[in-house]
Every structure is written in C-alpha cells, then in structure tokens.
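Worksheet for the structure shown next.
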Amino acid sequence: MIEPLVTSQLPLRLLRRGKVRDVYESGADTLLLVASDRVSAFDVVMREPVPHKGAVLTQLSAFWFRELAHVMASHFLTADAGAIADRVPGLAEHRDLLAGRAMLVRRTTPLPFECVVRGYLTGSAWAEYRQSGTLAGEPLPAGLVESARLDPPIFSPATKAETGHDQNVTFSHVAGALGQGLAAKLRQASLELYEAGRAYARPRGIIIADTKFEFGTAPPPDGRLLVIDELLTPDSSRFWPADRYEPGKSQPSFDKQPLRDYLAGLKRRSEWNGEAPPPPLPPEVVTATSERYLEAYRLITGRVLEIG
Ligand SMILES: Nc1ncnc2c1ncn2[C@@H]1O[C@H](COP(=O)(O)OP(=O)(O)OP(=O)(O)O)[C@@H](O)[C@H]1O
Ligand SMILES: [Mg+2]
C-alpha cells in the first residue's frame, strides 16, 4: 500500500511547491515533477491528502503525452519510479515516494502564458459571455446557454499570475508579447491537442469541458516548442460526467464533486467561511473523491491504475 503524500522531501534542489506539485532539479537538463495527494477546492488546499490522486495526475499526463505525441512533442521522459531512481543520483532509497506520482521531464524555458482552450461555455468564460457576449475579447453568437458546447473550441489565453487569479488576455496580447508567428503556433497546438483529447474522452464517458496547456522551448541547439507541465488531467481541466450533461446550467465535476458538495453544505450552514484554514474532511468524503480520480483514470485509459 502506497502511503498518501502531503509534502515530498527529496535530496534534490526544490525549485517550487505548487498547490499540488513539487518541482525539483534532477540534473542539468531535467526536472522531477512530483504530484502530491494534496487537493484544493474553492482555491483552498485541504489538510487531508486524497489517496492515489498524485499517481492519477502523473499517470494520466504520461498517458496523454504518449497518446498525443503525434500532435505535438512533449517534455515527457519517464514516469517509471525504477527508471527514475536509476537515472537520478540520490533517489534509490526514495522509490516508494516516487512510485506512480513522479515524472522525469526535459527542462525547458516556459512561455509566460497559460494556453486555455474552452470547448464548453462555463466558469469565467460564461461570466464574460453573459456580461459582454464575448470570449477572450472576441464576439460569440448570441443566445448561447451556460455549459453550451462550443464548435469550434476557443483559444482563451491567460497570463500566469504568481499570486491570485490568472488574468485572461486576448490573442493579440499574446502576439504582441511573443510575436505573431509563435502566438499562432501556440494557438494551433493548443486547439489540436484539445480537440484530440476531447474526441478521445467523450465516448469514454468524460467531457473535457476546458483545459490549460503550458509550452516551453527546449534548450539550444534543439530549441523546439514542447508541451510541458501536466496534460489533460482533472487538475488542469474541467472533467464532467458525460451521462449527466445538461446544457443551460452548471455541471457537476467528475472528480471533485463529493468534496465540493460537502464544502458547499458547510458554507450554506455558515460552518465554514470559504477561506483558509480549511475545515476537516470526513473520511468518506476523502474516499469518495479518491474513487472519482481513479475512475477518471480508468475510463480514459481503459486500465485500472496499478497501486502497489
Ligand atoms: N518541462 C518544464 N520545464 C520548465 N518548467 C516546467 C516544465 N514542466 C512544468 N514546469 C513548471 O513547473 C511548475 C509547476 O508548478 P505549479 O505551481 O504549476 O504547480 P501546481 O501544483 O500545478 O500548482 P497550481 O495548482 O498553482 O498550478 C509550473 O510553473 C510549470 O511552468
Ligand atoms: Mg500548475
């Protein structure tokens, strides 16, 4: 049984701890991304880890990097704990911590935009549309309802905010910052990756409503544009259960709904104000959330996650 992990401690230089992932320098030109079992909801990170969540995020990204390699080259090297321990000095004793959740990647220079693609009208996109009839500054047809499917999907980039919420920007803003050619490449790659992912997941019972990609440039002499970070996971995307899809209202989340329902109940009864510190979670809420993540992995990949 793999122990749930809140915070990783490895004998490597820690570059950052995100809400969920810890990023280490693992060599001159590689990074080690370790997905913990931390979970956040309403922008607050919970105290309790969700068992297997980190492994689901890592193995699902690994699956997509392979599955979509024909669309675009990625930073992915391996997500096999044995291979990582063999390759990175100092990790031999840490195989248990790495198991399932660690990914070795090529280090790149990340581009400073979150490349969001929206295939359904929800979240901040629905808010913008309701207010001004636009999405990412571009007009959309009138009369769309909440959660409507968008065909074709829409590229709606955002700046990476160090603190607080990412700021939505227009395509021309990205073009101004990176040049028209690179901006167009990012848009095309994002749309192609999303379309391929959405088409793959939909008949398997999951709607990928929207998602965020990151791209980076490989070090010279290669210099190629690579898709980096995580790929089409429940943490970088909105996953909806396809059999419950009903346009005209907000949709349940495939993975976090048990957690959200529990927290919304506390808020309604004024037992939690929606800010840190988080309330304690009952074990059945944690278990139900864990099962949803495992189920998302099983539906998309067609395999049960191997848990040691
Ligand atoms: N191949 C790569 N080269 C360089 N940087 C990378 C690479 N892959 C991922 N990164 C960077 O690793 C970081 C991951 O940390 P991040 O803060 O996003 O973690 P997180 O747990 O996803 O947190 P959050 O939920 O706040 O996004 C990102 O800044 C991303 O740009
Ligand atoms: Mg992130």
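Ordering of the structure tokens sets the chain letters (A, B, ...); residue numbers start at 1 within each chain; ligands are numbered from 1 in the order shown.
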Would you pick out the contacts of Leu193 in chain A at 9 Å or less, using only C-alpha atoms, so that residues sharing its chain but fewer than 6 positions from it are not included, and give the list as a CSV table (one decimal) with C-alpha atoms, in the first residue's frame?
chain,number,residue,atom,x,y,z
A,68,LEU,CA,-0.9,12.8,-28.3
A,71,VAL,CA,0.0,16.0,-32.4
A,72,MET,CA,3.0,17.6,-30.5
A,213,PHE,CA,-1.7,23.8,-21.6
(request) Pick out the residues no farther than 9 Å from ligand 1, counting only C-alpha atoms and all ligand atoms, and list them as a PyMOL selection string. (result) chain A and resi 15-23+30-36+38+40+43+74-76+104-112+114+160+162-163+214-218+226-230+235-236
(request) Name all residues at most 7 Å from range 126-141 of chain A (count only C-alpha atoms; drop same-chain ones fewer than 2 positions away) and give them as a PyMOL selection string. (result) chain A and resi 121-124+143-144+146+156+168-170
(message) Run DSSP on the backbone and tell me which residues of range 107-303 of chain A come out as helix (DSSP H, G or I); list them as a ChimeraX atom specification.
(response) /A:123-132,171-178,180-204,242-244,257-268,283-301
(request) Find the residue from A:Pro234, A:Pro241, A:Gly302, A:Pro279 that sits nearest to ligand 2; use only C-alpha atoms and all ligand atoms when measuring. (result)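 With only C-alpha atoms and all ligand atoms as the atom set, the closest residue is A:Pro234.
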(request) Using DSSP on the backbone, list every residue of range 109-256 of chain A that comes out as strand (DSSP E), and give them as an MDAnalysis selection string. (result) chainID A and resid 109:110 113:120 134:135 138:139 149:155 158:159 167:168 206:217 225:228 237:241
(request) Please indicate the distance in Å from CA of Gly119 in chain A to CA of Val50 in chain A, rounded to one decimal place. (result)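 Taking CA of Gly119 in chain A as the start and CA of Val50 in chain A as the end point, the length is 28.1 Å.
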(request) Mind checking which residues fall within 8 Å of Gln251 in chain A, counting only C-alpha atoms, ignoring those fewer than 6 positions away in the same chain, and posting them as a PyMOL selection string? (result) chain A and resi 147+240+244-245
(request) Compare A:Leu231, A:Ala209, A:Ala201, A:Leu98 by their minimum atom-to-atom distance to ligand 2, counting only C-alpha atoms and all ligand atoms, and give me the closest one. (result) A:Leu231
(request) Tell me which of A:Pro282, A:Arg298, A:Trp272, A:Arg187 sits closest to Ala175 in chain A, counting only C-alpha atoms. (result)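 The answer is A:Arg187, which sits nearest to Ala175 in chain A.
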(message) Would you compute the distance between CA of Gly197 in chain A and CA of Thr233 in chain A? Give it in Å to one decimal.
(response) 10.5 Å
Please provide the set of residues having any atom within 10 Å of Gly90 in chain A, restricted to only C-alpha atoms, with same-chain residues fewer than 2 positions apart removed, written as a tab-separated table (two decimals) with C-alpha atoms, in the first residue's frame.
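See out_34.tsv below for the written result:
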chain	number	residue	atom	x	y	z
A	10	LEU	CA	13.80	14.54	-1.68
A	11	PRO	CA	17.56	15.11	-1.65
A	12	LEU	CA	17.37	17.36	-4.74
A	26	SER	CA	17.11	16.44	-11.15
A	85	ALA	CA	15.67	6.06	-9.38
A	86	ASP	CA	18.26	4.51	-11.71
A	87	ARG	CA	18.77	7.73	-13.60
A	88	VAL	CA	18.83	10.38	-10.91
A	92	ALA	CA	17.48	4.94	-4.90
A	93	GLU	CA	16.12	4.98	-1.34
A	94	HIS	CA	13.08	7.01	-2.32
(message) Can you tell me which residues surround Glu295 in chain A at a distance of at most 9 Å, considering only C-alpha atoms, apart from same-chain residues fewer than 4 positions away, and format the answer as a ChimeraX atom specification?
(response) /A:255,290-291,299-300,304-305
(message) List the spatial neighbours of Tyr200 in chain A as a ChimeraX atom specification - criterion: any atom at most 12 Å away, only C-alpha atoms, same-chain residues fewer than 4 positions off excluded.
(response) /A:64,67-68,193-196,204-208,232,299-302
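Interatomic distance, CA of Ile84 in chain A against CA of Glu25 in chain A: 12.8 Å.
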